[in-house]
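Enquirer: Got work-v9.cif for you, mmCIF, C-alpha atoms:
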```
data_model
#
loop_
_atom_site.label_atom_id
_atom_site.label_comp_id
_atom_site.auth_asym_id
_atom_site.auth_seq_id
_atom_site.Cartn_x
_atom_site.Cartn_y
_atom_site.Cartn_z
CA MET A 226 101.87 -59.64 -28.24
CA LEU A 227 105.15 -57.78 -28.84
CA ALA A 228 103.47 -54.37 -28.69
CA ARG A 229 101.75 -55.30 -25.44
CA ALA A 230 104.99 -56.61 -23.93
CA SER A 231 107.10 -53.58 -24.91
CA LYS A 232 104.79 -51.23 -22.99
CA LEU A 233 105.54 -53.03 -19.74
CA TYR A 234 109.29 -52.34 -19.63
CA TYR A 235 111.32 -49.29 -18.77
CA SER A 236 113.40 -48.25 -21.79
CA THR A 237 116.48 -46.05 -21.62
CA LYS A 238 116.08 -45.43 -25.34
CA ALA A 239 112.53 -44.14 -24.94
CA ALA A 240 113.68 -42.03 -21.97
CA GLY A 241 116.45 -40.48 -24.07
CA LEU A 242 119.30 -41.75 -21.89
CA GLU A 243 122.52 -41.96 -23.88
CA GLY A 244 124.83 -42.69 -20.97
CA PHE A 245 126.03 -41.73 -17.52
CA ASP A 246 129.28 -40.96 -15.75
CA CYS A 247 129.89 -42.12 -12.17
CA ASP A 248 132.66 -42.46 -9.63
CA VAL A 249 133.13 -46.12 -8.69
CA HIS A 250 134.09 -47.35 -5.22
CA PRO A 251 134.78 -51.10 -5.08
CA ASP A 252 134.61 -52.88 -1.73
CA TRP A 253 138.11 -54.29 -1.99
CA ARG A 254 137.86 -56.06 1.38
CA THR A 255 134.91 -58.13 0.16
CA LEU A 256 136.62 -58.90 -3.14
CA PHE A 257 139.84 -60.10 -1.53
CA SER A 258 138.00 -62.06 1.16
CA THR A 259 135.68 -63.87 -1.29
CA ALA A 260 138.62 -64.58 -3.59
CA ASP A 261 140.38 -66.19 -0.61
CA ASN A 262 137.38 -68.39 0.34
CA GLY A 263 136.17 -66.09 3.08
CA VAL A 264 139.49 -65.42 4.83
CA ALA A 265 139.25 -62.19 6.84
CA VAL A 266 141.20 -59.20 5.51
CA ALA A 267 142.86 -56.95 8.12
CA ASP A 268 142.65 -53.16 7.99
CA ASN A 269 146.40 -52.90 7.44
CA ASP A 270 146.45 -55.48 4.63
CA LEU A 271 148.78 -54.12 1.96
CA ARG A 272 146.19 -54.82 -0.73
CA LEU A 273 143.62 -52.58 0.99
CA VAL A 274 146.17 -49.88 1.71
CA THR A 275 147.20 -49.90 -1.95
CA MET A 276 143.77 -50.14 -3.59
CA ASN A 277 141.55 -47.93 -1.44
CA PRO A 278 143.05 -44.63 -2.71
CA VAL A 279 142.63 -45.55 -6.40
CA LYS A 280 140.18 -43.24 -8.16
CA ILE A 281 137.89 -44.97 -10.69
CA THR A 282 135.41 -43.28 -13.01
CA LEU A 283 132.95 -45.10 -15.27
CA HIS A 284 131.80 -43.48 -18.52
CA ALA A 285 128.84 -45.70 -19.47
CA ARG A 286 127.44 -45.33 -22.98
CA MET A 287 124.22 -47.12 -23.89
CA GLY A 288 125.23 -47.38 -27.54
CA GLY A 289 128.60 -48.98 -26.77
CA GLY A 290 132.09 -47.57 -26.34
CA SER A 291 132.00 -47.35 -22.53
CA THR A 292 135.32 -46.52 -20.87
CA VAL A 293 136.83 -46.70 -17.39
CA ASP A 294 139.29 -44.13 -16.03
CA TRP A 295 141.80 -45.54 -13.52
CA GLN A 296 143.90 -43.13 -11.50
CA PRO A 297 146.21 -44.62 -8.84
CA PRO A 298 147.55 -42.24 -6.19
CA ALA A 299 150.93 -40.62 -6.55
CA ASN A 300 153.67 -42.50 -4.71
CA ALA A 301 155.82 -39.49 -3.95
CA GLY A 302 158.30 -40.59 -6.56
CA LYS A 303 158.55 -44.14 -5.23
CA GLU A 304 158.00 -47.06 -7.56
CA PRO A 305 155.88 -49.89 -6.09
CA ASP A 306 157.56 -53.24 -5.62
CA PRO A 307 156.99 -55.73 -8.48
CA ASP A 308 154.43 -57.83 -6.59
CA THR A 309 152.35 -54.78 -5.67
CA ALA A 310 152.56 -53.42 -9.20
CA THR A 311 151.37 -56.79 -10.58
CA MET A 312 148.47 -56.86 -8.12
CA VAL A 313 147.39 -53.33 -9.09
CA ASP A 314 147.51 -54.23 -12.78
CA ARG A 315 145.41 -57.33 -12.13
CA MET A 316 142.83 -55.35 -10.18
CA HIS A 317 142.76 -52.70 -12.91
CA GLU A 318 142.07 -55.33 -15.54
CA ALA A 319 139.50 -57.19 -13.43
CA THR A 320 137.62 -54.00 -12.50
CA GLU A 321 137.47 -52.77 -16.08
CA GLN A 322 136.37 -56.17 -17.39
CA THR A 323 133.68 -56.43 -14.72
CA LEU A 324 132.24 -52.97 -15.38
CA LYS A 325 132.30 -53.29 -19.17
CA GLY A 326 130.95 -56.84 -19.00
CA PHE A 327 128.11 -55.70 -16.76
CA LEU A 328 127.18 -52.91 -19.18
CA GLN A 329 127.28 -55.29 -22.14
CA PHE A 330 124.89 -57.70 -20.41
CA TRP A 331 122.69 -55.11 -18.65
CA THR A 332 122.06 -52.73 -21.54
CA PRO A 333 119.78 -55.02 -23.63
CA PHE A 334 117.56 -55.52 -20.58
CA VAL A 335 116.99 -51.78 -20.13
CA ASP A 336 117.17 -50.21 -23.60
CA GLY A 337 114.03 -51.92 -24.85
CA SER A 338 115.75 -54.27 -27.27
CA VAL A 339 114.83 -57.49 -25.45
CA VAL A 340 111.32 -57.06 -26.84
CA PRO A 341 111.62 -57.11 -30.65
CA ALA A 342 109.93 -54.25 -32.49
CA THR A 343 108.57 -56.55 -35.18
CA ALA A 344 107.75 -60.24 -35.57
CA ASP A 345 109.36 -60.38 -39.02
CA GLY A 346 111.73 -63.35 -39.24
CA LEU A 347 110.81 -64.60 -35.77
CA LYS A 348 109.15 -67.81 -34.65
CA ILE A 349 106.71 -67.08 -31.82
CA THR A 350 105.06 -70.02 -30.05
CA ARG A 351 102.60 -70.25 -27.20
CA ALA A 352 102.56 -72.83 -24.41
CA PRO A 353 100.08 -72.99 -21.51
CA ALA A 354 102.25 -70.86 -19.22
CA GLU A 355 104.65 -69.01 -21.51
CA TRP A 356 105.52 -67.42 -24.82
CA THR A 357 108.73 -68.29 -26.69
CA ILE A 358 110.40 -66.10 -29.31
CA HIS A 359 113.17 -67.53 -31.46
CA GLY A 360 115.17 -65.78 -34.15
CA GLU A 361 118.35 -66.33 -36.11
CA GLN A 362 120.42 -63.81 -38.05
CA ASN A 363 123.98 -63.89 -39.36
CA GLY A 364 124.77 -67.07 -37.44
CA THR A 365 123.47 -65.76 -34.11
CA GLN A 366 120.49 -67.47 -32.48
CA VAL A 367 118.37 -65.72 -29.86
CA THR A 368 115.68 -67.41 -27.78
CA GLU A 369 113.47 -65.58 -25.26
CA VAL A 370 110.88 -67.07 -22.93
CA PHE A 371 108.18 -64.81 -21.44
CA SER A 372 105.58 -65.64 -18.81
CA ASN A 373 101.89 -65.23 -19.61
CA GLU A 374 102.21 -61.80 -17.94
CA MET A 375 104.88 -60.91 -20.54
CA VAL A 376 107.71 -60.88 -17.97
CA LEU A 377 110.97 -62.12 -19.47
CA GLN A 378 112.08 -65.33 -17.73
CA HIS A 379 114.95 -66.64 -19.87
CA PHE A 380 117.14 -65.11 -22.55
CA SER A 381 119.77 -67.09 -24.45
CA VAL A 382 122.22 -66.19 -27.21
CA VAL A 383 124.22 -68.71 -29.24
CA MET A 384 126.90 -67.17 -31.43
CA GLY A 385 129.99 -68.73 -32.93
CA ALA A 386 131.88 -70.57 -30.22
CA MET A 387 129.90 -69.18 -27.28
CA SER A 388 126.56 -69.80 -25.60
CA ILE A 389 125.21 -67.31 -23.04
CA LYS A 390 122.08 -67.90 -20.98
CA PHE A 391 120.43 -65.28 -18.76
CA ASP A 392 117.74 -65.58 -16.10
CA PRO A 393 116.62 -62.02 -15.28
CA SER A 394 114.41 -60.70 -12.48
CA TYR A 395 112.54 -57.40 -12.51
CA GLU A 396 111.16 -54.84 -10.10
CA ASN A 397 108.03 -52.79 -10.72
CA THR A 398 108.65 -49.05 -11.00
CA GLU A 399 106.60 -46.05 -12.08
CA LYS A 400 108.51 -46.15 -15.37
CA GLY A 401 107.91 -49.87 -15.99
CA LEU A 402 109.62 -53.16 -15.28
CA LEU A 403 113.29 -52.60 -14.46
CA VAL A 404 115.79 -55.46 -14.27
CA ASN A 405 117.38 -55.72 -10.82
CA ARG A 406 118.99 -59.16 -10.98
CA PHE A 407 120.26 -61.60 -13.53
CA ASP A 408 122.17 -64.86 -13.52
CA ALA A 409 124.45 -65.52 -16.48
CA HIS A 410 125.82 -68.87 -17.66
CA ILE A 411 128.59 -68.49 -20.22
CA GLU A 412 129.72 -71.67 -21.91
CA PRO A 413 132.04 -72.35 -24.87
CA ARG A 414 130.70 -74.54 -27.65
CA GLY A 415 132.61 -77.46 -29.10
CA GLN A 416 136.18 -78.29 -28.12
CA SER A 417 137.53 -75.43 -26.05
CA SER A 418 139.88 -74.89 -23.14
CA VAL A 419 137.84 -71.88 -21.99
CA PRO A 420 136.09 -72.73 -18.70
CA VAL A 421 132.36 -72.33 -18.08
CA GLN A 422 131.61 -69.10 -16.21
CA GLU A 423 128.73 -68.42 -13.83
CA MET A 424 127.80 -64.91 -12.77
CA HIS A 425 125.16 -63.62 -10.34
CA VAL A 426 124.46 -59.90 -10.69
CA ARG A 427 122.34 -57.59 -8.54
CA VAL A 428 121.63 -53.95 -9.41
CA VAL A 429 120.44 -51.26 -6.97
CA TYR A 430 119.22 -48.03 -8.55
CA ALA A 431 119.14 -44.35 -7.64
CA THR A 432 117.15 -41.68 -9.45
CA ILE A 433 119.47 -39.21 -11.15
CA ASP A 434 118.04 -36.41 -13.30
CA GLY A 435 114.69 -38.19 -13.12
CA LEU A 436 116.09 -41.50 -14.44
CA PRO A 437 117.02 -44.77 -12.68
CA ILE A 438 120.81 -45.22 -12.75
CA PRO A 439 122.78 -48.03 -11.07
CA SER A 440 124.00 -46.92 -7.65
CA ARG A 441 125.37 -50.27 -6.53
CA LEU A 442 126.52 -53.35 -8.43
CA ILE A 443 127.06 -56.71 -6.78
CA VAL A 444 128.73 -59.05 -9.27
CA GLU A 445 129.62 -62.53 -8.08
CA VAL A 446 131.80 -64.53 -10.45
CA VAL A 447 131.53 -68.07 -9.11
CA GLY A 448 134.91 -69.44 -8.10
CA THR A 449 136.63 -66.07 -8.48
CA GLY A 450 135.17 -63.51 -6.09
CA THR A 451 132.50 -60.86 -5.55
CA PHE A 452 132.73 -57.27 -6.73
CA ASN A 453 130.54 -54.98 -4.60
CA MET A 454 130.76 -51.52 -6.14
CA ALA A 455 129.11 -48.28 -5.11
CA LEU A 456 128.49 -45.69 -7.84
CA ASP A 457 128.05 -42.04 -6.88
CA GLY A 458 128.67 -38.52 -8.15
CA CYS A 459 126.71 -39.54 -11.25
CA HIS A 460 125.37 -37.38 -14.03
CA THR A 461 123.48 -38.42 -17.13
CA LEU A 462 123.87 -37.79 -20.83
CA ARG A 463 120.61 -37.22 -22.68
CA ALA A 464 119.79 -37.39 -26.35
CA SER A 465 119.27 -33.96 -27.84
CA LYS A 466 115.65 -33.22 -28.65
#
```
Would you mind writing the file's structure down as structure tokens?
Expert:
Amino acid sequence: MLARASKLYYSTKAAGLEGFDCDVHPDWRTLFSTADNGVAVADNDLRLVTMNPVKITLHARMGGGSTVDWQPPANAGKEPDPDTATMVDRMHEATEQTLKGFLQFWTPFVDGSVVPATADGLKITRAPAEWTIHGEQNGTQVTEVFSNEMVLQHFSVVMGAMSIKFDPSYENTEKGLLVNRFDAHIEPRGQSSVPVQEMHVRVVYATIDGLPIPSRLIVEVVGTGTFNMALDGCHTLRASK
């Protein structure tokens, strides 16, 4: 069952993709508007004027260690006022957290690891319309539910004080099933002041060097706002043969 399932999915690991570098262009107007419950943002809004010139570069690494370069424009020797400086710092932090968080969640869906290589230590059960895989190691529990067609429907991880549940969707490509959406439900376990977080993520791909690479990310954090980011100027890093 696992061998049959693994052949259905695109795998960055099998393709030899180690990472990619892209310029990132957030739609700041959409972010500020959704954060303000849909209030329109004028062209001369100081937030847009300040944020649009910022240069952002993502260095995505499939094995971890991704980084984000953030280069604000020169202010001709003028220091920004404290409120503007605070806003820029907040946007810097939010952008970096969003990009790194996306990569952390997205990578297991595309590197082939969502389908275990072996059944050792796993409990695999069959129901009329689905397969369920459950495993536990070092205090971390993972449960995956596949349809009869071996398409992943639900993926949950329980570790320490956190529970994360994913509902992915896939598109058919020549290279196999490729995740293009996922909903994430992040919930603390036990007594915690950390709020529950809901995320809805959509990924649009472009083919770069023969490989599908994200070209647009739409990340809605419920109750916070929507990041709509275009990625361009990309180039890939391949494993040496």
Enquirer: Out of A:Pro298, A:Gly263, A:Pro278, A:Pro413, which residue has the shortest atom-to-atom distance to Ser388 in chain A when counting all atoms listed in the file?
Expert: A:Pro413
Enquirer: Let me make sure I understand: among A:Thr309, A:Val249, A:Leu442, A:Met226, which one has the smallest atom-to-atom distance to Glu355 in chain A if we use only C-alpha atoms?
Expert: A:Met226
Enquirer: Tell me which of A:His250, A:Lys400, A:Arg315, A:His425 sits closest to Met454 in chain A, counting only C-alpha atoms.
Expert: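 For Met454 in chain A, the nearest of the candidates is A:His250.
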Enquirer: When the PyMOL selection byres ((chain A and resi 345) around 12) is applied to the structure above, which residues does it catch, written out as number ranges by chain?
Expert: A: 227, 341-344, 346-349, 358-362
Enquirer: If the PyMOL selection byres ((chain A and resi 276) around 10) is run on the structure shown, which residues does it catch, given as a PyMOL selection string?
Expert: chain A and resi 251-254+271-275+277-280+297-298+309+312-313+316-317
Enquirer: Apply the PyMOL selection byres ((chain A and resi 423) around 10) to the displayed file and report the matching residues as a ChimeraX atom specification.
Expert: /A:389-390,408-412,420-422,424-425,445-449
Enquirer: List the spatial neighbours of range 374-384 of chain A as a list in words - criterion: any atom at most 9 Å away, only C-alpha atoms, same-chain residues fewer than 4 positions off excluded.
Expert: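 Contacts, in chain order: Met226, Leu227, Arg229, Ala230, Ser231, Leu233, Tyr234, Val339, Val340, Glu355, Trp356, Gly364, Thr365, Gln366, Val367, Thr368, Glu369, Val370, Ser388, Ile389, Lys390, Phe391, Asp392, Pro393, Ser394, Tyr395, Leu402 and Arg414 of chain A.
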Enquirer: Would you place a box with edges along x, y and z of the file around all atoms of range 412-427 of chain A listed there, add 6 Å to each of its six sides, and report the centre and edge lengths in Å to one decimal, as lines of an AutoDock Vina configuration file?
Expert:
```
center_x = 131.1
center_y = -67.9
center_z = -18.8
size_x = 29.5
size_y = 32.7
size_z = 32.6
```
